[in-house]
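Shown next: query.cif, given as mmCIF, C-alpha atoms.
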```cif
data_coords
loop_
_atom_site.label_atom_id
_atom_site.label_comp_id
_atom_site.auth_asym_id
_atom_site.auth_seq_id
_atom_site.Cartn_x
_atom_site.Cartn_y
_atom_site.Cartn_z
CA MET A 12 0.00 0.00 0.00
CA GLN A 13 1.68 3.21 -1.15
CA ARG A 14 0.13 6.46 -2.32
CA ILE A 15 -3.51 7.22 -1.50
CA VAL A 16 -5.54 9.34 -3.91
CA PRO A 17 -8.98 10.42 -2.62
CA ALA A 18 -11.83 10.97 -5.06
CA VAL A 19 -15.62 11.01 -5.10
CA LEU A 20 -18.10 8.97 -7.11
CA LEU A 21 -21.83 9.56 -7.51
CA ILE A 22 -23.81 6.29 -7.81
CA GLY A 23 -27.57 6.19 -7.55
CA CYS A 24 -27.58 9.61 -5.85
CA LEU A 25 -25.10 8.37 -3.22
CA LEU A 26 -21.93 10.37 -2.66
CA LEU A 27 -19.20 7.79 -2.22
CA THR A 28 -15.59 8.20 -1.17
CA LYS A 29 -13.14 6.36 -3.39
CA THR A 30 -9.53 5.57 -2.49
CA VAL A 31 -6.94 4.32 -4.98
CA LEU A 32 -4.15 2.26 -3.42
CA ALA A 33 -1.19 0.64 -5.13
CA ASP A 34 -3.12 -2.29 -6.62
CA VAL A 35 -6.73 -1.82 -5.51
CA GLU A 36 -9.48 0.77 -5.68
CA ILE A 37 -11.67 1.09 -2.59
CA THR A 38 -15.16 2.55 -2.61
CA ARG A 39 -16.07 2.87 1.04
CA ASP A 40 -19.31 3.20 2.98
CA VAL A 41 -21.78 2.44 0.20
CA VAL A 42 -25.16 2.95 1.89
CA TYR A 43 -27.57 0.13 1.04
CA GLY A 44 -30.30 1.05 3.52
CA HIS A 45 -31.18 2.69 6.82
CA LYS A 46 -32.47 1.35 10.10
CA ASP A 47 -33.38 3.26 13.26
CA GLY A 48 -31.73 6.36 11.82
CA MET A 49 -28.49 4.52 11.07
CA ALA A 50 -26.89 3.76 7.72
CA LEU A 51 -26.27 0.19 6.60
CA VAL A 52 -23.09 -0.02 4.54
CA TYR A 53 -20.68 -2.13 2.55
CA ASP A 54 -17.30 -1.40 0.98
CA VAL A 55 -16.12 -2.36 -2.50
CA ILE A 56 -12.48 -3.40 -2.92
CA ARG A 57 -11.69 -3.76 -6.62
CA PRO A 58 -8.28 -5.06 -7.70
CA GLU A 59 -6.36 -3.63 -10.64
CA ASN A 60 -6.64 -7.02 -12.38
CA ALA A 61 -10.41 -7.36 -11.78
CA ASN A 62 -11.80 -10.50 -13.45
CA GLY A 63 -15.45 -9.42 -13.61
CA ALA A 64 -16.55 -11.50 -10.60
CA ALA A 65 -17.21 -10.38 -7.02
CA VAL A 66 -17.57 -12.00 -3.61
CA ALA A 67 -19.59 -10.51 -0.76
CA PHE A 68 -18.07 -11.24 2.65
CA MET A 69 -20.40 -11.32 5.64
CA MET A 70 -18.70 -9.27 8.36
CA SER A 71 -20.28 -11.14 11.22
CA GLY A 72 -19.12 -13.17 14.20
CA GLY A 73 -21.76 -14.21 16.69
CA TRP A 74 -23.98 -11.87 14.62
CA PHE A 75 -21.88 -8.98 15.91
CA SER A 76 -20.90 -6.93 12.86
CA ARG A 77 -17.70 -5.07 13.65
CA TRP A 78 -16.19 -2.61 11.20
CA SER A 79 -12.68 -3.16 9.82
CA PRO A 80 -10.71 -0.72 7.65
CA PRO A 81 -10.99 -1.94 4.05
CA GLU A 82 -7.27 -1.30 3.59
CA THR A 83 -6.55 -3.80 6.36
CA LEU A 84 -8.85 -6.38 4.80
CA ALA A 85 -7.25 -5.83 1.39
CA GLU A 86 -3.75 -6.38 2.73
CA GLY A 87 -4.72 -9.35 4.92
CA PHE A 88 -7.71 -11.66 4.77
CA PHE A 89 -8.75 -10.75 1.22
CA SER A 90 -5.30 -10.64 -0.35
CA ASP A 91 -5.48 -14.04 -2.09
CA MET A 92 -8.91 -13.31 -3.56
CA LEU A 93 -7.83 -9.86 -4.76
CA ASP A 94 -4.64 -11.24 -6.28
CA ALA A 95 -6.81 -13.64 -8.28
CA GLY A 96 -8.89 -10.75 -9.62
CA PHE A 97 -12.01 -10.98 -7.46
CA THR A 98 -13.68 -7.78 -6.30
CA MET A 99 -14.31 -8.16 -2.57
CA ILE A 100 -17.30 -6.61 -0.81
CA PRO A 101 -17.34 -6.64 3.01
CA VAL A 102 -20.97 -6.28 4.13
CA TYR A 103 -22.01 -4.93 7.54
CA HIS A 104 -25.40 -5.57 9.14
CA GLY A 105 -27.28 -4.23 12.14
CA SER A 106 -25.28 -5.73 14.97
CA ALA A 107 -25.95 -7.62 18.16
CA PRO A 108 -26.77 -6.98 20.92
CA ARG A 109 -29.32 -4.47 19.62
CA PHE A 110 -30.42 -6.48 16.58
CA LYS A 111 -31.26 -10.17 16.36
CA VAL A 112 -30.50 -12.85 13.77
CA PRO A 113 -33.64 -12.36 11.63
CA GLU A 114 -32.87 -8.65 11.38
CA ALA A 115 -29.25 -9.35 10.45
CA TYR A 116 -30.41 -11.63 7.68
CA ALA A 117 -32.91 -9.06 6.40
CA ASP A 118 -30.05 -6.54 6.24
CA VAL A 119 -27.60 -8.70 4.29
CA SER A 120 -30.37 -9.90 1.98
CA ARG A 121 -31.06 -6.28 1.11
CA ALA A 122 -27.34 -5.67 0.71
CA ILE A 123 -27.09 -8.38 -1.95
CA ARG A 124 -29.98 -6.82 -3.88
CA HIS A 125 -28.27 -3.42 -3.70
CA ILE A 126 -24.90 -4.87 -4.74
CA LYS A 127 -26.44 -6.53 -7.79
CA LEU A 128 -28.37 -3.39 -8.71
CA HIS A 129 -25.12 -1.40 -8.75
CA ALA A 130 -22.80 -4.13 -10.06
CA GLU A 131 -22.07 -2.29 -13.30
CA ASP A 132 -21.06 0.82 -11.34
CA HIS A 133 -18.55 -1.27 -9.44
CA GLY A 134 -17.21 -3.10 -12.48
CA PHE A 135 -18.44 -6.68 -12.14
CA ASP A 136 -21.08 -9.00 -13.58
CA PRO A 137 -24.09 -9.37 -11.24
CA ASN A 138 -24.43 -12.97 -12.42
CA ARG A 139 -20.91 -13.67 -11.13
CA LEU A 140 -21.48 -12.79 -7.48
CA GLY A 141 -20.61 -15.18 -4.67
CA VAL A 142 -20.95 -14.96 -0.90
CA THR A 143 -18.83 -16.23 1.96
CA GLY A 144 -18.26 -15.94 5.70
CA GLY A 145 -17.43 -17.88 8.82
CA SER A 146 -19.54 -18.91 11.81
CA ALA A 147 -22.42 -16.40 11.96
CA GLY A 148 -21.12 -15.06 8.66
CA GLY A 149 -21.28 -18.59 7.27
CA HIS A 150 -24.85 -18.89 8.51
CA LEU A 151 -25.82 -15.63 6.79
CA SER A 152 -24.02 -16.71 3.61
CA LEU A 153 -26.02 -19.94 3.55
CA MET A 154 -29.29 -18.12 4.15
CA ILE A 155 -28.54 -15.87 1.18
CA GLY A 156 -27.66 -18.83 -1.01
CA LEU A 157 -30.56 -21.09 0.00
CA ASP A 158 -33.35 -18.56 0.55
CA SER A 159 -33.04 -16.28 -2.47
CA ASP A 160 -35.99 -14.82 -4.37
CA SER A 161 -36.61 -12.76 -7.50
CA GLY A 162 -37.67 -9.62 -5.62
CA ASP A 163 -40.97 -7.85 -5.13
CA ALA A 164 -42.14 -6.43 -8.45
CA GLN A 165 -44.77 -4.32 -6.64
CA SER A 166 -42.33 -2.60 -4.28
CA ASN A 167 -41.80 1.15 -4.51
CA ASP A 168 -38.18 0.54 -3.52
CA PRO A 169 -35.98 -0.26 -6.54
CA VAL A 170 -33.62 -2.24 -4.32
CA MET A 171 -36.38 -4.57 -3.15
CA ARG A 172 -37.58 -5.08 -6.73
CA GLY A 173 -34.26 -6.77 -7.49
CA ASP A 174 -33.29 -10.38 -6.81
CA ASN A 175 -30.85 -11.52 -4.12
CA GLY A 176 -29.55 -14.68 -5.76
CA VAL A 177 -25.86 -15.58 -5.81
CA ALA A 178 -23.87 -17.93 -8.04
CA ALA A 179 -21.79 -19.71 -5.37
CA VAL A 180 -21.39 -19.99 -1.59
CA VAL A 181 -18.50 -20.87 0.73
CA ALA A 182 -19.28 -21.23 4.45
CA TYR A 183 -16.76 -21.88 7.22
CA PHE A 184 -18.01 -23.70 10.36
CA PRO A 185 -21.61 -22.42 10.08
CA PRO A 186 -24.53 -23.07 12.42
CA VAL A 187 -27.27 -24.40 10.14
CA ASP A 188 -30.15 -25.24 12.49
CA LEU A 189 -31.02 -22.48 14.92
CA ARG A 190 -34.08 -24.18 16.40
CA PRO A 191 -32.23 -25.77 19.36
CA ILE A 192 -30.31 -22.61 20.26
CA THR A 193 -32.89 -19.84 19.83
CA GLY A 194 -33.76 -18.02 23.04
CA PRO A 195 -32.04 -16.02 25.83
CA ASN A 196 -28.28 -16.25 25.44
CA ASP A 197 -25.73 -14.21 27.40
CA ARG A 198 -22.89 -14.88 24.96
CA PHE A 199 -24.87 -14.48 21.74
CA PRO A 200 -27.72 -12.04 22.41
CA ALA A 201 -28.71 -12.08 18.73
CA LEU A 202 -30.22 -15.53 19.35
CA ASP A 203 -32.77 -14.10 21.77
CA PHE A 204 -35.72 -13.88 19.39
CA SER A 205 -39.06 -15.65 19.09
CA PRO A 206 -38.65 -19.42 18.61
CA GLU A 207 -41.47 -19.16 16.08
CA LEU A 208 -38.98 -17.52 13.72
CA SER A 209 -36.23 -20.11 14.12
CA GLU A 210 -37.38 -22.28 11.22
CA SER A 211 -37.38 -19.34 8.82
CA ILE A 212 -33.77 -18.53 9.72
CA SER A 213 -32.32 -22.10 9.70
CA PRO A 214 -30.47 -22.83 6.41
CA ILE A 215 -30.93 -26.59 6.64
CA LEU A 216 -34.67 -26.12 6.19
CA HIS A 217 -34.24 -24.12 2.97
CA ALA A 218 -32.11 -26.49 0.88
CA ASP A 219 -33.54 -27.46 -2.49
CA ALA A 220 -32.38 -28.40 -5.98
CA GLY A 221 -32.27 -24.76 -7.12
CA ASP A 222 -29.53 -23.77 -4.67
CA PRO A 223 -26.14 -22.52 -5.92
CA PRO A 224 -22.96 -24.63 -5.66
CA THR A 225 -21.95 -24.59 -2.00
CA LEU A 226 -18.71 -25.49 -0.21
CA LEU A 227 -18.74 -26.25 3.52
CA ILE A 228 -15.46 -26.22 5.49
CA HIS A 229 -15.47 -27.26 9.14
CA GLY A 230 -12.90 -28.34 11.72
CA ASP A 231 -13.44 -31.61 13.59
CA ALA A 232 -12.17 -30.03 16.84
CA ASP A 233 -14.70 -27.17 16.78
CA ASP A 234 -16.11 -26.92 20.30
CA LEU A 235 -18.44 -23.99 19.55
CA VAL A 236 -20.28 -25.04 16.38
CA PRO A 237 -20.13 -28.86 16.16
CA ILE A 238 -19.00 -30.31 12.85
CA SER A 239 -22.29 -32.20 12.79
CA GLU A 240 -23.91 -28.94 11.65
CA SER A 241 -22.04 -29.07 8.34
CA GLU A 242 -22.37 -32.84 8.12
CA ASP A 243 -26.14 -32.62 8.42
CA LEU A 244 -26.43 -29.84 5.85
CA TYR A 245 -24.19 -31.68 3.41
CA ALA A 246 -26.38 -34.77 3.76
CA GLU A 247 -29.41 -32.59 3.01
CA PHE A 248 -27.64 -31.17 -0.04
CA GLN A 249 -27.02 -34.67 -1.34
CA GLU A 250 -30.65 -35.61 -0.82
CA GLN A 251 -31.83 -32.46 -2.60
CA GLY A 252 -29.36 -32.79 -5.48
CA VAL A 253 -27.43 -29.60 -4.72
CA GLU A 254 -23.92 -29.34 -6.12
CA ALA A 255 -21.87 -29.25 -2.92
CA GLU A 256 -18.65 -30.31 -1.27
CA PHE A 257 -17.80 -30.76 2.40
CA VAL A 258 -14.21 -30.55 3.63
CA THR A 259 -13.15 -31.53 7.14
CA ILE A 260 -10.12 -29.75 8.58
CA ALA A 261 -8.49 -32.31 10.86
CA GLY A 262 -7.81 -30.74 14.25
CA GLY A 263 -9.42 -27.51 13.10
CA GLN A 264 -11.00 -25.40 15.82
CA HIS A 265 -13.55 -22.60 15.56
CA GLY A 266 -11.66 -19.97 13.61
CA PHE A 267 -8.94 -21.48 11.44
CA ARG A 268 -5.33 -20.51 12.10
CA GLY A 269 -1.96 -21.23 10.57
CA GLU A 270 -1.90 -23.99 7.98
CA ASN A 271 -5.59 -24.69 8.57
CA ALA A 272 -6.41 -21.14 7.50
CA VAL A 273 -4.13 -21.40 4.49
CA ARG A 274 -5.82 -24.60 3.36
CA ALA A 275 -9.35 -23.29 3.93
CA ASN A 276 -8.63 -20.08 2.05
CA ARG A 277 -7.10 -22.00 -0.85
CA LEU A 278 -10.22 -24.16 -1.07
CA ARG A 279 -12.41 -21.06 -0.95
CA LEU A 280 -10.48 -19.43 -3.78
CA GLU A 281 -10.61 -22.57 -5.93
CA TRP A 282 -14.37 -22.88 -5.39
CA PHE A 283 -15.03 -19.35 -6.55
CA GLN A 284 -12.62 -19.70 -9.47
CA LYS A 285 -14.59 -22.76 -10.58
CA HIS A 286 -18.10 -21.36 -10.12
CA LEU A 287 -17.91 -17.60 -10.77
#
```
Rewrite the structure of this file - the entire thing - as structure tokens.
Amino acid sequence: MQRIVPAVLLIGCLLLTKTVLADVEITRDVVYGHKDGMALVYDVIRPENANGAAVAFMMSGGWFSRWSPPETLAEGFFSDMLDAGFTMIPVYHGSAPRFKVPEAYADVSRAIRHIKLHAEDHGFDPNRLGVTGGSAGGHLSLMIGLDSDSGDAQSNDPVMRGDNGVAAVVAYFPPVDLRPITGPNDRFPALDFSPELSESISPILHADAGDPPTLLIHGDADDLVPISESEDLYAEFQEQGVEAEFVTIAGGQHGFRGENAVRANRLRLEWFQKHL
């Protein structure tokens, strides 16, 4: 990262701040909606060698959505994807403890519609959009992939008239059935919502033959989200005829590190290279 050149870009009546780094162009704080007087945002990190495909990354852990500088993401966690030409889009949702899982999903679902609506502005093909994340981010990625729709043609909101479908999904150690864990929870307050909604927000109940190609990666030493979550969803994918793969990281805990992270990220990259 060397010189920084600030600029502005007007997209859909939104004044966006653009930063040009050595090998990437960053459009920050794209507002995709508002909630309780607050803006909902994502960033767009476009590499110099952009290949026309993009991947939305769910910035969520425990359904807490913490902001990270896009420059840091570009230099670190996204570097392999950017080097391969993928435009990366970190997406932020209304965060726990104030907002619950169904609200987080509603936010990121809207974000995908907004991203696709403005894909041309950001230099990628809306039909070549993938989604990924880990843990709660993996859960939200799966919900996007398995619960997509074509939009509401009667809506007055152009964003909601658009579809939220994606072409491929990669989920690290995701919870897939929220029914047993919905309710008061000191550690994960986002799970404290009506049990009546738990079925609507459980990816395993949404799998069908129309779902996009999906890769599940899970460690067999995960003591927070049991590997059985991914095993059960993969079995459901097979039953439904969904193109899917399931990779076990031997000794992998919740949150891959070291060589486990390197392997998982390589598999993620290869999946998106194949399907986007």
List the spatial neighbours of segment 186-194 of chain A as JSON, numbers by chain - criterion: any atom at most 8 Å away, all atoms listed in the file, same-chain residues fewer than 6 positions off excluded.
{"A": [146, 147, 149, 150, 202, 203, 204, 205, 206, 209, 210, 212, 213, 214, 215, 216, 236, 240, 241, 244]}
Selected residue, from A:Asp160, A:Asp234, A:Glu270, A:Asp91, that lies nearest to His217 of chain A when counting only C-alpha atoms:
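Among the listed residues, A:Asp160 lies closest to His217 of chain A.
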Å distance separating atom CA of Val66 of chain A from atom CA of Glu114 of chain A, one decimal place
21.7 Å
Rounded to one decimal place, report the atom CA of Gln249 of chain A-atom CA of Leu226 of chain A distance in Å.
12.4 Å
Check which residues of segment 144-167 of chain A sit at most 9 Å from segment 116-135 of chain A using all atoms listed in the file, and return one row each with the closest pair of atoms and their distance in Å to one decimal, ordered by chain and rising number, as a tab-separated table.
```
residue	atom	partner	partner_atom	distance
A:Leu151	CA	A:Tyr116	CA	6.2
A:Ser152	CA	A:Val119	CA	8.8
A:Met154	CA	A:Tyr116	CA	7.5
A:Ile155	CA	A:Ser120	CA	6.3
A:Ser159	CA	A:Ser120	CA	8.2
A:Gly162	CA	A:Arg124	CA	8.4
```
Completion step: segment 113-136 of chain A with N, CA, C and O atoms as a compact mmCIF listing (two decimals), in the frame of the given file:
```
# COMPACT_ATOMS: atom_id res chain seq x y z
N PRO A 113 -32.77 -12.64 12.79
CA PRO A 113 -33.64 -12.36 11.63
C PRO A 113 -33.42 -10.98 11.03
O PRO A 113 -33.50 -10.81 9.81
N GLU A 114 -33.13 -10.00 11.88
CA GLU A 114 -32.87 -8.65 11.38
C GLU A 114 -31.54 -8.58 10.64
O GLU A 114 -31.41 -7.89 9.61
N ALA A 115 -30.53 -9.30 11.14
CA ALA A 115 -29.25 -9.35 10.45
C ALA A 115 -29.41 -9.96 9.07
O ALA A 115 -28.84 -9.46 8.09
N TYR A 116 -30.20 -11.02 8.98
CA TYR A 116 -30.41 -11.63 7.68
C TYR A 116 -31.16 -10.70 6.74
O TYR A 116 -30.82 -10.58 5.55
N ALA A 117 -32.18 -10.01 7.24
CA ALA A 117 -32.91 -9.06 6.40
C ALA A 117 -31.97 -7.99 5.85
O ALA A 117 -32.07 -7.57 4.69
N ASP A 118 -31.01 -7.56 6.68
CA ASP A 118 -30.05 -6.54 6.24
C ASP A 118 -29.18 -7.07 5.11
O ASP A 118 -29.04 -6.42 4.06
N VAL A 119 -28.55 -8.21 5.30
CA VAL A 119 -27.60 -8.70 4.29
C VAL A 119 -28.33 -9.12 3.02
O VAL A 119 -27.77 -9.03 1.91
N SER A 120 -29.57 -9.58 3.16
CA SER A 120 -30.37 -9.90 1.98
C SER A 120 -30.59 -8.64 1.14
O SER A 120 -30.46 -8.65 -0.09
N ARG A 121 -30.91 -7.55 1.82
CA ARG A 121 -31.06 -6.28 1.11
C ARG A 121 -29.73 -5.85 0.49
O ARG A 121 -29.69 -5.33 -0.64
N ALA A 122 -28.65 -6.05 1.22
CA ALA A 122 -27.34 -5.67 0.71
C ALA A 122 -27.04 -6.36 -0.61
O ALA A 122 -26.52 -5.73 -1.55
N ILE A 123 -27.34 -7.65 -0.71
CA ILE A 123 -27.09 -8.38 -1.95
C ILE A 123 -27.91 -7.79 -3.10
O ILE A 123 -27.41 -7.63 -4.23
N ARG A 124 -29.15 -7.45 -2.83
CA ARG A 124 -29.98 -6.82 -3.88
C ARG A 124 -29.35 -5.49 -4.34
O ARG A 124 -29.29 -5.20 -5.54
N HIS A 125 -28.87 -4.70 -3.38
CA HIS A 125 -28.27 -3.42 -3.70
C HIS A 125 -26.97 -3.63 -4.48
O HIS A 125 -26.69 -2.90 -5.47
N ILE A 126 -26.17 -4.58 -4.06
CA ILE A 126 -24.90 -4.87 -4.74
C ILE A 126 -25.16 -5.26 -6.19
O ILE A 126 -24.48 -4.78 -7.11
N LYS A 127 -26.14 -6.10 -6.43
CA LYS A 127 -26.44 -6.53 -7.79
C LYS A 127 -26.99 -5.38 -8.63
O LYS A 127 -26.68 -5.24 -9.82
N LEU A 128 -27.81 -4.53 -8.00
CA LEU A 128 -28.37 -3.39 -8.71
C LEU A 128 -27.28 -2.45 -9.20
O LEU A 128 -27.40 -1.85 -10.28
N HIS A 129 -26.19 -2.32 -8.41
CA HIS A 129 -25.12 -1.40 -8.75
C HIS A 129 -23.85 -2.11 -9.22
O HIS A 129 -22.77 -1.50 -9.23
N ALA A 130 -23.97 -3.36 -9.65
CA ALA A 130 -22.80 -4.13 -10.06
C ALA A 130 -22.04 -3.45 -11.19
O ALA A 130 -20.80 -3.39 -11.18
N GLU A 131 -22.75 -2.93 -12.17
CA GLU A 131 -22.07 -2.29 -13.30
C GLU A 131 -21.26 -1.08 -12.84
O GLU A 131 -20.15 -0.84 -13.32
N ASP A 132 -21.80 -0.33 -11.88
CA ASP A 132 -21.06 0.82 -11.34
C ASP A 132 -19.75 0.40 -10.71
O ASP A 132 -18.76 1.16 -10.74
N HIS A 133 -19.74 -0.79 -10.14
CA HIS A 133 -18.55 -1.27 -9.44
C HIS A 133 -17.70 -2.20 -10.28
O HIS A 133 -16.72 -2.77 -9.79
N GLY A 134 -18.08 -2.41 -11.54
CA GLY A 134 -17.21 -3.10 -12.48
C GLY A 134 -17.23 -4.61 -12.43
O GLY A 134 -16.21 -5.24 -12.73
N PHE A 135 -18.38 -5.22 -12.09
CA PHE A 135 -18.44 -6.68 -12.14
C PHE A 135 -19.80 -7.13 -12.65
O PHE A 135 -20.76 -6.36 -12.71
N ASP A 136 -19.88 -8.39 -13.03
CA ASP A 136 -21.08 -9.00 -13.58
C ASP A 136 -21.98 -9.44 -12.43
O ASP A 136 -21.56 -10.27 -11.61
```
